[in-house]
There are 4 protein chains.
Amino acid sequence: MSKGTVVLAYSGGLDTSCILVWLQEHGYEVIAFLANIGQDEDFDAARKKAENLGAKKVFIEDLRAEFVEDFIWPAVQANAVYEDRYLLGTSIARPCIARSQVEIARREGAQFISHGATGKGNDQIRFELTCYALYPEVKIIAPWRIPEFYNRFKGRTDLMEYAQKHGIPVPVTPRAPWSMDANLMHISYESGILENPKSYAPADLYLMTKDPKDSPNTPDVLEIEFKNGVPVKVTKVKEDISMSTPFEIFSLLNEIGGKHGVGRIDIVENRFIGMKSRGIYETPGGTILLQAHLDIETFTMDKEVRRIKQGLGIKFSEFIYNGFWYSPECEFVRHCIAKSQENVEGKVQLSVFKGQVYILGRESPKSLYNEELVSMDVQGDYDPVDASGFIRINAVRLREHHRLQGISNTKN
Amino acid sequence: MSKGTVVLAYSGGLDTSCILVWLQEHGYEVIAFLANIGQDEDFDAARKKAENLGAKKVFIEDLRAEFVEDFIWPAVQANAVYEDRYLLGTSIARPCIARSQVEIARREGAQFISHGATGKGNDQIRFELTCYALYPEVKIIAPWRIPEFYNRFKGRTDLMEYAQKHGIPVPVTPRAPWSMDANLMHISYESGILENPKSYAPADLYLMTKDPKDSPNTPDVLEIEFKNGVPVKVTKVKEDISMSTPFEIFSLLNEIGGKHGVGRIDIVENRFIGMKSRGIYETPGGTILLQAHLDIETFTMDKEVRRIKQGLGIKFSEFIYNGFWYSPECEFVRHCIAKSQENVEGKVQLSVFKGQVYILGRESPKSLYNEELVSMDVQGDYDPVDASGFIRINAVRLREHHRLQGISNTKN
Amino acid sequence: MSKGTVVLAYSGGLDTSCILVWLQEHGYEVIAFLANIGQDEDFDAARKKAENLGAKKVFIEDLRAEFVEDFIWPAVQANAVYEDRYLLGTSIARPCIARSQVEIARREGAQFISHGATGKGNDQIRFELTCYALYPEVKIIAPWRIPEFYNRFKGRTDLMEYAQKHGIPVPVTPRAPWSMDANLMHISYESGILENPKSYAPADLYLMTKDPKDSPNTPDVLEIEFKNGVPVKVTKVKEDISMSTPFEIFSLLNEIGGKHGVGRIDIVENRFIGMKSRGIYETPGGTILLQAHLDIETFTMDKEVRRIKQGLGIKFSEFIYNGFWYSPECEFVRHCIAKSQENVEGKVQLSVFKGQVYILGRESPKSLYNEELVSMDVQGDYDPVDASGFIRINAVRLREHHRLQGISNTKN
Amino acid sequence: MSKGTVVLAYSGGLDTSCILVWLQEHGYEVIAFLANIGQDEDFDAARKKAENLGAKKVFIEDLRAEFVEDFIWPAVQANAVYEDRYLLGTSIARPCIARSQVEIARREGAQFISHGATGKGNDQIRFELTCYALYPEVKIIAPWRIPEFYNRFKGRTDLMEYAQKHGIPVPVTPRAPWSMDANLMHISYESGILENPKSYAPADLYLMTKDPKDSPNTPDVLEIEFKNGVPVKVTKVKEDISMSTPFEIFSLLNEIGGKHGVGRIDIVENRFIGMKSRGIYETPGGTILLQAHLDIETFTMDKEVRRIKQGLGIKFSEFIYNGFWYSPECEFVRHCIAKSQENVEGKVQLSVFKGQVYILGRESPKSLYNEELVSMDVQGDYDPVDASGFIRINAVRLREHHRLQGISNTKN
């Protein structure tokens with residue numbers, strides 16, 4: 001008798017193929033679920049493989065458009081960056097995938113959800129918190145946290161052996177000495193030889209971006225038009241080619257960014273579970289968008305609103321990184337950030353060259369930039385005498401402090 | 001009879017030369033003060049010029065070493081960046097200059113301090129708040145805010161005319177159609193043709209950095225060693241050349257960064273007085289240091305300390321930008337940030353190439369990175385089963401929220 | 001010939017009566033504007049007085065209902081408290097008054113606005129920032145900052161003399177040795193004998209609240225019902241008397257709070273202009289509402305949303321205190337806070353007694369409180385074993401830190 | 001053969017007595033540890049009881065003085081309050097107790113630590129995180145999270161039965177229908193009949209404070225003297241009785257606060273594990289100190305330092321509540337807060353009456369309050385004209401915003 005139905009996040013790879021079989025071995029019926037979020041994958045082959053391994057059903061969902069609109073766009077609005085550097089390409093993919101997985105589980109009446117994420121990483125948390133938030137009664141089967149499983153499969157050899165025994169096709173190409181996660185927004189690389197934080201990443205690691213040494217010697221110039229803080233049109237200026245659906249916009253930015261080697265970082269980051277890990281990321285389109293959005297936002301947003309919004313964006317990034325996309329706080333902050341973007345509108349021109357994004361100029365119908373007011377040549381509606389009072393009043397407190405402190409410690 | 005003695009921040013240029021004369025015309029004795037903070041200047045010529053124009057005394061102070069140690073280093077510790085992009089090269093120079101100016105004023109018994117900063121900018125505030133903080137009884141003469149002065153000198157022509165009339169040497173080379181402020185840390189460019197936020201900056205504007213198009217086709221690899229969050233040694237790895245005094249370290253980083261075109265930005269920023277302005281900056285050495293420091297800091301600092309410190313760093317950057325270097329809050333935050341840097345120690349290897357800084361690896365005796373703990377191949381002192389409980393407890397709140405909300409709105 | 005029309009914020013008192021006349025003396029036509037925001041005033045007498053003194057028109061506006069709904073209610077939603085203690089009764093009244101004054105100025109085509117606020121206080125800023133925000137072209141006449149005025153009127157004697165000379169009725173009762181500002185929300189007392197921060201406030205100072213020594217020996221029990229974070233009904237439980245319009249609700253709370261001596265504080269606060277001042281406040285109804293709102297909010301709002309909202313509320317309080325009610329940042333934060341209140345709904349029971357508010361119990365259809373989940377007697381949908389994993393994972397970071405630090409400094 | 005030695009946090013009550021026996025039953029040697037942190041307890045009886053039940057050793061440690069100095073004092077400096085209301089009396093006691101327990105475990109060579117905290121509460125986390133931080137190799141035995149234990153002891157009856165069977169003295173007085181935690185700082189009450197958030201707390205629940213209805217009809221007037229942000233002397237003004245050691249100071253404040261019914265609150269709070277719980281607290285001395293410290297702090301601390309420190313204090317409170325007293329972030333914040341207190345020095349006079357604390361006046365050698373500067377009667381070193389410029393510059397941004405927005409939405 002079946003223990004119930006499991007929807008398994010299936011990648012087509014060795015790990016989740018073994019899990020697919022193992023779950024059946026342990027009495028579950030398995031629905032294989034494979035999300036297309038822009039990774040390079042032979043989806044038909046994966047479907048066939050899952051079917052051959054006994055999957056009751058196989059769902060392959062093309063989530064690319066909703067990944068851009070529902071997840072990447074809010075991250076763009078927020079200037080979402082974790083710990084000053086990481087653009088959260090994996091973090092925002094997880095709730096997108098899990099949301100779809102939950103929909104299937106509910107629709108198919110499955111009480112269980114399973115995935116192949118490891119027990120030391122962030123992804124297990126991102127997957128499962130999304131599941132618990134959207135499907136509170138769900139039961140999670142995380143084999144890499146089940147002693148019976150992880151004690152049996154201590155290394156890749158054990159998986160290979162199990163595969164051979166159960167007719168699971170074994171990869172013929174040797175595995176890269178690191179692991180990798182790819183989607184439309186980025187590719188991340190970690191573990192294996194990268195675990196030594198001192199070792200350089202090999203030059204041939206990167207799949208999404210050209211090495212800047214080999215990238216073109218002439219820049220591409222782009223114009224990105226924003227409305228409500230998200231891009232609505234991207235134009236290659238010289239070629240006068242434009243894209244205007246979210247998916248096309250982001251794909252074009254990826255192409256240009258990739259061609260010029262934009263968005264490579266090598267960092268040590270703090271996982272939610274409290275350990276430091278080393279990761280290498282390439283985020284070509286996202287990096288261009290971050291720079292462009294920062295520019296148009298500062299151009300159109302009030303200074304003090306910007307300060308508050310900056311703080312909310314940092315919190316937002318932490319929530320996402322930690323797996324709380326579907327949480328009251330993240331929904332609240334997302335709403336506030338979206339509100340702040342109502343006037344973030346206009347065009348940014350930039351060039352992309354040798355791994356860099358250079359802002360060239362910007363214009364907006366909603367700008368708070370007042371050329372006459374700021375001009376050094378025109379007085380405009382501004383009386384310089386006012387500045388004296390402004391400074392003197394700002395100094396009141398400093399002078400009082402000095403009165404108390406004496407000047408003894410002016411040099412620290 | 002003299003109205004008293006003024007210490008004038010003298011640059012050697014047309015504006016402050018006219019002010020020097022104008023102040024004497026209005027009955028003040030003038031001490032010219034010129035700070036060497038690394039700008040490209042003929043200091044002897046400037047001294048002679050000031051003497052010829054009647055300055056009672058001329059003080060030229062070499063503040064370069066203290067600028068690096070007392071101002072740039074704390075900014076490095078803080079990862080000080082204003083509005084996500086500006087590295088504050090001018091902002092931190094002002095209190096350095098004004099501190100020295102105040103010392104001279106006190107020593108020379110001058111009751112007045114004067115400067116040539118305009119009435120719409122940030123620098124007037126940064127100068128004067130420093131003066132009021134360190135010399136509360138001081139009186140400030142800011143000619144560009146005195147109607148009698150600014151009504152007389154409405155444009156450059158008026159200054160030229162006044163100069164000719166009063167024997168002030170008039171610049172023979174045509175002026176760039178923008179203004180510029182240079183010091184050891186950066187050069188900023190603004191106003192003039194740059195006031196149109198849509199116009200591209202001319203390619204020949206930059207003086208401190210090479211155009212990445214013309215920069216070398218091979219990277220330089222550096223190793224930067226930090227202690228207490230500041231660099232104590234920089235090594236050109238291939239050449240095995242090292243520097244280890246603050247001034248030499250920073251100069252070498254400037255040289256390398258400049259050679260590879262690092263640290264150019266074109267931004268619109270929010271001035272303290274509430275207007276937006278467009279500025280172009282090049283900060284070669286500072287940009288390398290920011291990346292290197294971010295790396296070693298995250299490698300050695302506890303995650304939650306980092307979060308708090310990141311917030312303090314943002315506040316610190318705002319204080320500096322607004323002119324409050326010498327304020328109780330800035331002193332307090334500086335102290336806290338310095339405290340956070342006690343373990344920020346180790347070596348970062350990076351390459352500099354075509355406008356970019358690429359972190360390659362890092363090592364530290366104080367790292368909190370635990371290779372065994374994070375390894376995918378070794379379990380280490382970590383039980384994956386714990387993660388299940390961790391996730392389930394984190395989900396308690398999300399499931400309660402879901403209970404209240406229903407699932408109707410899962411898609412926003 | 002007239003210099004133009006001034007709308008003067010007129011209080012009926014000696015100062016603004018003198019200003020009314022002085023403005024006319026200086027060539028302005030004056031419209032007297034008197035806002036009724038709940039202060040104890042003979043409005044008819046004030047109208048007659050202004051007319052007698054030559055006011056071209058007199059507008060007396062009853063702003064009490066809009067003061068409650070548009071200003072007090074958002075403050076309640078925010079738990080607005082400045083520097084941990086002050087409930088902002090004056091701060092939120094200023095934009096309410098100035099908004100109405102601007103409407104009259106626009107309607108009547110007046111280019112000038114004037115007020116009697118002093119040059120050292122916060123109120124001048126609150127008035128004028130509201131005016132500039134809502135009527136950017138307006139010109140402000142602040143006599144207490146005009147040397148001609150304040151040099152002429154150095155003390156009360158000068159005003160009295162001027163009054164007698166110009167037929168301005170002179171107050172017959174001796175003035176209290178402090179100044180006072182009253183509205184529906186509170187009365188504030190400052191200056192005069194209160195300027196010595198060490199001196200006790202006299203027992204007979206308070207006008208809005210009973211001395212707790214003389215207040216009733218039996219409490220009143222109230223039930224306050226909230227929707228969207230604002231009270232929609234208040235019931236005196238024993239008497240079964242209810243109020244349900246904002247004005248009535250707030251008036252009843254004031255009555256009960258006043259009767260029991262609730263809401264008296266004596267504080268030193270930091271003015272926007274950088275000086276410390278001592279103020280004494282009584283805010284009876286507001287204090288009850290703050291306690292009740294805190295209770296229902298924590299009962300119904302998610303923990304992490306609460307944290308973010310608490311931070312926004314603190315910022316909001318600072319904006320209000322500093323006079324930025326009508327600013328982009330305050331509008332933004334008000335919007336975010338209002339969003340956070342959508343589920344803040346339910347009933348709080350409390351007793352009011354001898355200066356204190358005691359929460360007794362609460363209930364809500366939107367509560368996130370789950371009696372079964374939290375119960376010590378029932379396990380509910382909660383597995384205690386999960387907590388072990390939760391704690392162990394939270395300890396990962398602490399143990400790593402310890403590994404680095406050693407245990408040498410556990411005692412600090 | 002023994003499985004090893006456990007140091008058990010022993011209270012003398014039924015639960016931990018059963019645990020003491022149960023642990024022995026399961027092969028452990030047990031050291032009973034009982035901390036005296038000011039609770040009302042017969043320590044000799046408890047010792048005897050533990051010995052009779054087979055404890056290998058019994059340690060009873062008087063931690064009262066260090067509880068005040070090392071834990072309550074930092075909380076006072078921070079104005080530590082969780083979620084705007086709870087003064088953290090239990091939260092700060094846990095690390096104090098666990099620190100001592102760890103010292104004993106280390107000294108006695110015990111590898112295990114055990115406690116009787118439940119699996120749904122905060123205390124288990126506070127205990128254990130302290131243990132893991134100070135003794136990373138320790139193993140925790142938390143019986144209420146061990147299925148074998150909690151399935152056996154489903155209710156009080158099971159414990160009573162086990163007690164009778166194993167010669168554990170059974171309490172003769174009926175248990176209160178709630179649970180309680182007492183120490184020098186406060187008593188907390190929760191669970192049982194209090195779990196219904198709507199039910200009033202019974203009048204006879206409170207043990208540490210008088211009902212304000214029955215409290216004296218004349219106030220006590222106190223003077224509290226602070227240095228470095230902590231009280232160094234408390235004087236009953238009328239009686240001229242003073243205390244000046246930390247323990248005596250705090251005890252006197254408790255006595256006075258208790259006598260007048262100060263510090264009772266009834267709240268719903270958010271536990272770390274994500275559930276809401278209802279708690280009732282009485283914190284007499286702590287409440288007086290909070291008010292007094294807020295007063296002297298604002299009197300002596302710069303406004304902007306205060307803002308930053310207020311934010312740090314909120315974070316500090318959350319860290320403590322969640323059990324992270326011994327964490328890098330809490331140590332960092334504690335250091336920063338202590339730094340901010342260097343000038344928090346002076347005397348506050350206050351009266352305590354009927355559940356309330358009324359600040360009466362304050363004085364300090366380090367105050368930033370400048371009576372002349374703030375005076376309405378003296379101009380002092382202040383030019384009111386400066387305020388005009390200050391306001392106009394602050395309005396620049398608001399007027400620009402208005403220019404963009406139009407005046408359409410001035411009424412929201």
# chains A, B, ... in the order shown; residues from 1 in each chain; ligands from 1
>>> residues_around(residues="range 121-132 of chain D", least_positions_apart="5", cutoff="6 Å", atoms="only C-alpha atoms", output="PyMOL selection string")
(chain C and resi 395) or (chain D and resi 94-95+98+323+326)
>>> residues_around(residues="range 239-244 of chain C", least_positions_apart="3", cutoff="12 Å", atoms="only C-alpha atoms", output="number ranges by chain")
C: 220-227, 230-236, 247-253
>>> write_last_selection(atoms="C-alpha atoms", output="PDB file, in the first residue's frame")
ATOM      1  CA  ASP C 220     -13.178  53.194  35.100  1.00  0.00           C
ATOM      2  CA  VAL C 221     -13.182  50.163  32.851  1.00  0.00           C
ATOM      3  CA  LEU C 222     -13.235  50.809  29.116  1.00  0.00           C
ATOM      4  CA  GLU C 223     -13.501  48.651  26.060  1.00  0.00           C
ATOM      5  CA  ILE C 224     -11.916  50.118  22.961  1.00  0.00           C
ATOM      6  CA  GLU C 225     -12.704  48.560  19.626  1.00  0.00           C
ATOM      7  CA  PHE C 226     -10.212  49.019  16.787  1.00  0.00           C
ATOM      8  CA  LYS C 227     -10.453  48.608  13.046  1.00  0.00           C
ATOM      9  CA  VAL C 230      -7.860  53.181  14.835  1.00  0.00           C
ATOM     10  CA  PRO C 231     -10.572  53.173  17.461  1.00  0.00           C
ATOM     11  CA  VAL C 232     -14.078  52.826  16.108  1.00  0.00           C
ATOM     12  CA  LYS C 233     -15.925  52.517  19.372  1.00  0.00           C
ATOM     13  CA  VAL C 234     -15.265  53.164  23.030  1.00  0.00           C
ATOM     14  CA  THR C 235     -17.508  51.779  25.739  1.00  0.00           C
ATOM     15  CA  LYS C 236     -17.592  52.578  29.424  1.00  0.00           C
ATOM     16  CA  PHE C 247     -14.321  63.187  17.815  1.00  0.00           C
ATOM     17  CA  GLU C 248     -16.632  61.685  20.421  1.00  0.00           C
ATOM     18  CA  ILE C 249     -14.341  58.732  20.972  1.00  0.00           C
ATOM     19  CA  PHE C 250     -11.372  60.936  21.584  1.00  0.00           C
ATOM     20  CA  SER C 251     -13.338  63.335  23.782  1.00  0.00           C
ATOM     21  CA  LEU C 252     -14.568  60.504  25.954  1.00  0.00           C
ATOM     22  CA  LEU C 253     -11.059  59.138  26.332  1.00  0.00           C
TER      23      LEU C 253
END
>>> atom_distance(atom1="CA of Ser114 in chain B", atom2="CA of Ile280 in chain B")
26.7 Å
>>> residues_around(residues="Asn217 in chain B", least_positions_apart="3", cutoff="9 Å", atoms="only C-alpha atoms", output="PyMOL selection string")
(chain A and resi 213) or (chain B and resi 214+353-354)
>>> write_last_selection(atoms="all heavy atoms", output="PDB file, in the first residue's frame")
ATOM      1  N   LYS A 213      38.871  39.474 -20.633  1.00  0.00           N
ATOM      2  CA  LYS A 213      40.071  39.523 -21.492  1.00  0.00           C
ATOM      3  C   LYS A 213      39.725  39.240 -22.954  1.00  0.00           C
ATOM      4  O   LYS A 213      40.381  39.733 -23.855  1.00  0.00           O
ATOM      5  CB  LYS A 213      41.094  38.487 -21.012  1.00  0.00           C
ATOM      6  CG  LYS A 213      41.925  38.991 -19.854  1.00  0.00           C
ATOM      7  CD  LYS A 213      42.950  37.926 -19.434  1.00  0.00           C
ATOM      8  CE  LYS A 213      43.275  38.102 -17.964  1.00  0.00           C
ATOM      9  NZ  LYS A 213      43.892  36.906 -17.380  1.00  0.00           N
TER      10      LYS A 213
ATOM     11  N   ASP B 214      41.868  52.151 -23.254  1.00  0.00           N
ATOM     12  CA  ASP B 214      43.305  52.286 -23.485  1.00  0.00           C
ATOM     13  C   ASP B 214      44.144  51.675 -22.371  1.00  0.00           C
ATOM     14  O   ASP B 214      45.373  51.783 -22.387  1.00  0.00           O
ATOM     15  CB  ASP B 214      43.655  53.780 -23.614  1.00  0.00           C
ATOM     16  CG  ASP B 214      42.757  54.470 -24.618  1.00  0.00           C
ATOM     17  OD1 ASP B 214      42.426  53.827 -25.630  1.00  0.00           O
ATOM     18  OD2 ASP B 214      42.367  55.627 -24.384  1.00  0.00           O
ATOM     19  N   PHE B 353      41.757  45.131 -13.596  1.00  0.00           N
ATOM     20  CA  PHE B 353      41.791  44.982 -15.047  1.00  0.00           C
ATOM     21  C   PHE B 353      40.623  45.723 -15.688  1.00  0.00           C
ATOM     22  O   PHE B 353      39.472  45.499 -15.320  1.00  0.00           O
ATOM     23  CB  PHE B 353      41.721  43.490 -15.403  1.00  0.00           C
ATOM     24  CG  PHE B 353      41.738  43.206 -16.883  1.00  0.00           C
ATOM     25  CD1 PHE B 353      42.856  43.528 -17.665  1.00  0.00           C
ATOM     26  CD2 PHE B 353      40.644  42.620 -17.509  1.00  0.00           C
ATOM     27  CE1 PHE B 353      42.857  43.255 -19.031  1.00  0.00           C
ATOM     28  CE2 PHE B 353      40.650  42.350 -18.869  1.00  0.00           C
ATOM     29  CZ  PHE B 353      41.758  42.678 -19.642  1.00  0.00           C
ATOM     30  N   LYS B 354      40.917  46.594 -16.621  1.00  0.00           N
ATOM     31  CA  LYS B 354      39.892  47.231 -17.447  1.00  0.00           C
ATOM     32  C   LYS B 354      38.739  47.819 -16.613  1.00  0.00           C
ATOM     33  O   LYS B 354      37.563  47.560 -16.867  1.00  0.00           O
ATOM     34  CB  LYS B 354      39.318  46.196 -18.438  1.00  0.00           C
ATOM     35  CG  LYS B 354      40.325  45.756 -19.501  1.00  0.00           C
ATOM     36  CD  LYS B 354      40.447  46.788 -20.582  1.00  0.00           C
ATOM     37  CE  LYS B 354      41.472  46.422 -21.637  1.00  0.00           C
ATOM     38  NZ  LYS B 354      41.810  47.581 -22.484  1.00  0.00           N
TER      39      LYS B 354
END
>>> closest_residue(among="A:Ile391, A:Met275, A:Leu53, A:Leu23", to="chain C", atoms="only C-alpha atoms")
A:Met275
>>> interface_residues(of="chain B", to="chain A", cutoff="6 Å", atoms="only C-alpha atoms", output="ChimeraX atom specification")
/B:119,129,133,136,145,197-200,266,268,270,276,299,303,327,359-363,369,384-385,395,398-399
>>> write_last_selection(atoms="N, CA and C atoms", output="PDB file, in the first residue's frame")
ATOM      1  N   GLY B 119      27.451  78.878  -2.453  1.00  0.00           N
ATOM      2  CA  GLY B 119      26.320  78.884  -1.528  1.00  0.00           C
ATOM      3  C   GLY B 119      25.288  77.811  -1.786  1.00  0.00           C
ATOM      4  N   LEU B 129      30.814  73.485   9.511  1.00  0.00           N
ATOM      5  CA  LEU B 129      30.469  72.683  10.684  1.00  0.00           C
ATOM      6  C   LEU B 129      31.733  72.224  11.394  1.00  0.00           C
ATOM      7  N   ALA B 133      32.496  73.295  15.175  1.00  0.00           N
ATOM      8  CA  ALA B 133      32.670  72.227  16.152  1.00  0.00           C
ATOM      9  C   ALA B 133      33.995  72.375  16.902  1.00  0.00           C
ATOM     10  N   PRO B 136      34.207  77.013  18.386  1.00  0.00           N
ATOM     11  CA  PRO B 136      32.809  77.473  18.417  1.00  0.00           C
ATOM     12  C   PRO B 136      32.650  78.988  18.343  1.00  0.00           C
ATOM     13  N   ARG B 145      28.097  83.839  -0.140  1.00  0.00           N
ATOM     14  CA  ARG B 145      26.768  83.967   0.466  1.00  0.00           C
ATOM     15  C   ARG B 145      26.496  85.399   0.921  1.00  0.00           C
ATOM     16  N   PRO B 197      21.802  66.471 -16.975  1.00  0.00           N
ATOM     17  CA  PRO B 197      22.022  65.091 -16.516  1.00  0.00           C
ATOM     18  C   PRO B 197      21.987  64.083 -17.661  1.00  0.00           C
ATOM     19  N   LYS B 198      21.541  64.529 -18.789  1.00  0.00           N
ATOM     20  CA  LYS B 198      21.409  63.633 -19.937  1.00  0.00           C
ATOM     21  C   LYS B 198      22.690  63.602 -20.775  1.00  0.00           C
ATOM     22  N   SER B 199      23.471  64.686 -20.697  1.00  0.00           N
ATOM     23  CA  SER B 199      24.688  64.770 -21.517  1.00  0.00           C
ATOM     24  C   SER B 199      25.751  63.798 -21.017  1.00  0.00           C
ATOM     25  N   TYR B 200      26.404  63.172 -21.949  1.00  0.00           N
ATOM     26  CA  TYR B 200      27.512  62.310 -21.582  1.00  0.00           C
ATOM     27  C   TYR B 200      28.691  63.169 -21.106  1.00  0.00           C
ATOM     28  N   ASP B 266      29.366  58.029 -12.693  1.00  0.00           N
ATOM     29  CA  ASP B 266      28.592  59.194 -13.123  1.00  0.00           C
ATOM     30  C   ASP B 266      27.248  59.072 -12.429  1.00  0.00           C
ATOM     31  N   VAL B 268      23.779  60.969 -10.125  1.00  0.00           N
ATOM     32  CA  VAL B 268      23.020  62.081  -9.557  1.00  0.00           C
ATOM     33  C   VAL B 268      22.901  61.781  -8.076  1.00  0.00           C
ATOM     34  N   ASN B 270      21.996  63.375  -3.900  1.00  0.00           N
ATOM     35  CA  ASN B 270      21.188  64.331  -3.142  1.00  0.00           C
ATOM     36  C   ASN B 270      22.050  65.134  -2.196  1.00  0.00           C
ATOM     37  N   LYS B 276      19.122  67.972  -5.945  1.00  0.00           N
ATOM     38  CA  LYS B 276      19.852  66.901  -6.602  1.00  0.00           C
ATOM     39  C   LYS B 276      20.927  67.516  -7.479  1.00  0.00           C
ATOM     40  N   PHE B 299      34.689  37.857   5.558  1.00  0.00           N
ATOM     41  CA  PHE B 299      35.419  36.621   5.847  1.00  0.00           C
ATOM     42  C   PHE B 299      35.692  36.469   7.341  1.00  0.00           C
ATOM     43  N   LYS B 303      28.311  37.288  11.214  1.00  0.00           N
ATOM     44  CA  LYS B 303      27.199  37.710  10.368  1.00  0.00           C
ATOM     45  C   LYS B 303      26.319  38.786  10.998  1.00  0.00           C
ATOM     46  N   SER B 327      31.283  65.594  14.970  1.00  0.00           N
ATOM     47  CA  SER B 327      30.011  65.693  15.686  1.00  0.00           C
ATOM     48  C   SER B 327      29.977  64.556  16.678  1.00  0.00           C
ATOM     49  N   ILE B 359      38.056  39.975  -7.025  1.00  0.00           N
ATOM     50  CA  ILE B 359      38.606  39.277  -5.867  1.00  0.00           C
ATOM     51  C   ILE B 359      38.951  37.851  -6.295  1.00  0.00           C
ATOM     52  N   LEU B 360      40.131  37.395  -5.915  1.00  0.00           N
ATOM     53  CA  LEU B 360      40.579  36.060  -6.333  1.00  0.00           C
ATOM     54  C   LEU B 360      40.597  35.050  -5.187  1.00  0.00           C
ATOM     55  N   GLY B 361      40.906  35.525  -4.016  1.00  0.00           N
ATOM     56  CA  GLY B 361      40.982  34.626  -2.876  1.00  0.00           C
ATOM     57  C   GLY B 361      41.331  35.408  -1.625  1.00  0.00           C
ATOM     58  N   ARG B 362      41.204  34.750  -0.502  1.00  0.00           N
ATOM     59  CA  ARG B 362      41.494  35.431   0.771  1.00  0.00           C
ATOM     60  C   ARG B 362      41.906  34.408   1.817  1.00  0.00           C
ATOM     61  N   GLU B 363      42.645  34.865   2.805  1.00  0.00           N
ATOM     62  CA  GLU B 363      43.033  34.007   3.938  1.00  0.00           C
ATOM     63  C   GLU B 363      43.184  34.887   5.176  1.00  0.00           C
ATOM     64  N   TYR B 369      35.404  31.496   8.846  1.00  0.00           N
ATOM     65  CA  TYR B 369      35.113  30.512   7.819  1.00  0.00           C
ATOM     66  C   TYR B 369      35.686  29.174   8.261  1.00  0.00           C
ATOM     67  N   PRO B 384      22.676  17.254  10.061  1.00  0.00           N
ATOM     68  CA  PRO B 384      21.657  17.779   9.143  1.00  0.00           C
ATOM     69  C   PRO B 384      20.244  17.691   9.701  1.00  0.00           C
ATOM     70  N   VAL B 385      20.020  16.748  10.585  1.00  0.00           N
ATOM     71  CA  VAL B 385      18.685  16.602  11.156  1.00  0.00           C
ATOM     72  C   VAL B 385      18.268  17.882  11.877  1.00  0.00           C
ATOM     73  N   ALA B 395       9.009  28.056  10.411  1.00  0.00           N
ATOM     74  CA  ALA B 395       7.740  28.040   9.680  1.00  0.00           C
ATOM     75  C   ALA B 395       6.521  28.246  10.572  1.00  0.00           C
ATOM     76  N   LEU B 398       4.903  31.460   9.845  1.00  0.00           N
ATOM     77  CA  LEU B 398       4.370  31.550   8.480  1.00  0.00           C
ATOM     78  C   LEU B 398       3.079  30.750   8.355  1.00  0.00           C
ATOM     79  N   ARG B 399       3.051  29.625   9.026  1.00  0.00           N
ATOM     80  CA  ARG B 399       1.837  28.805   8.948  1.00  0.00           C
ATOM     81  C   ARG B 399       0.697  29.474   9.706  1.00  0.00           C
TER      82      ARG B 399
END
>>> select_by_dssp(residues="range 192-240 of chain D", states="helix (DSSP H, G or I)", output="VMD selection string")
chain D and resid 192 to 195
>>> atom_distance(atom1="CA of Gly258 in chain D", atom2="CA of Thr283 in chain D")
8.3 Å
>>> select_by_dssp(residues="range 252-377 of chain C", states="strand (DSSP E or B)", output="ChimeraX atom specification")
/C:264-270,276-282,346-353,356-363
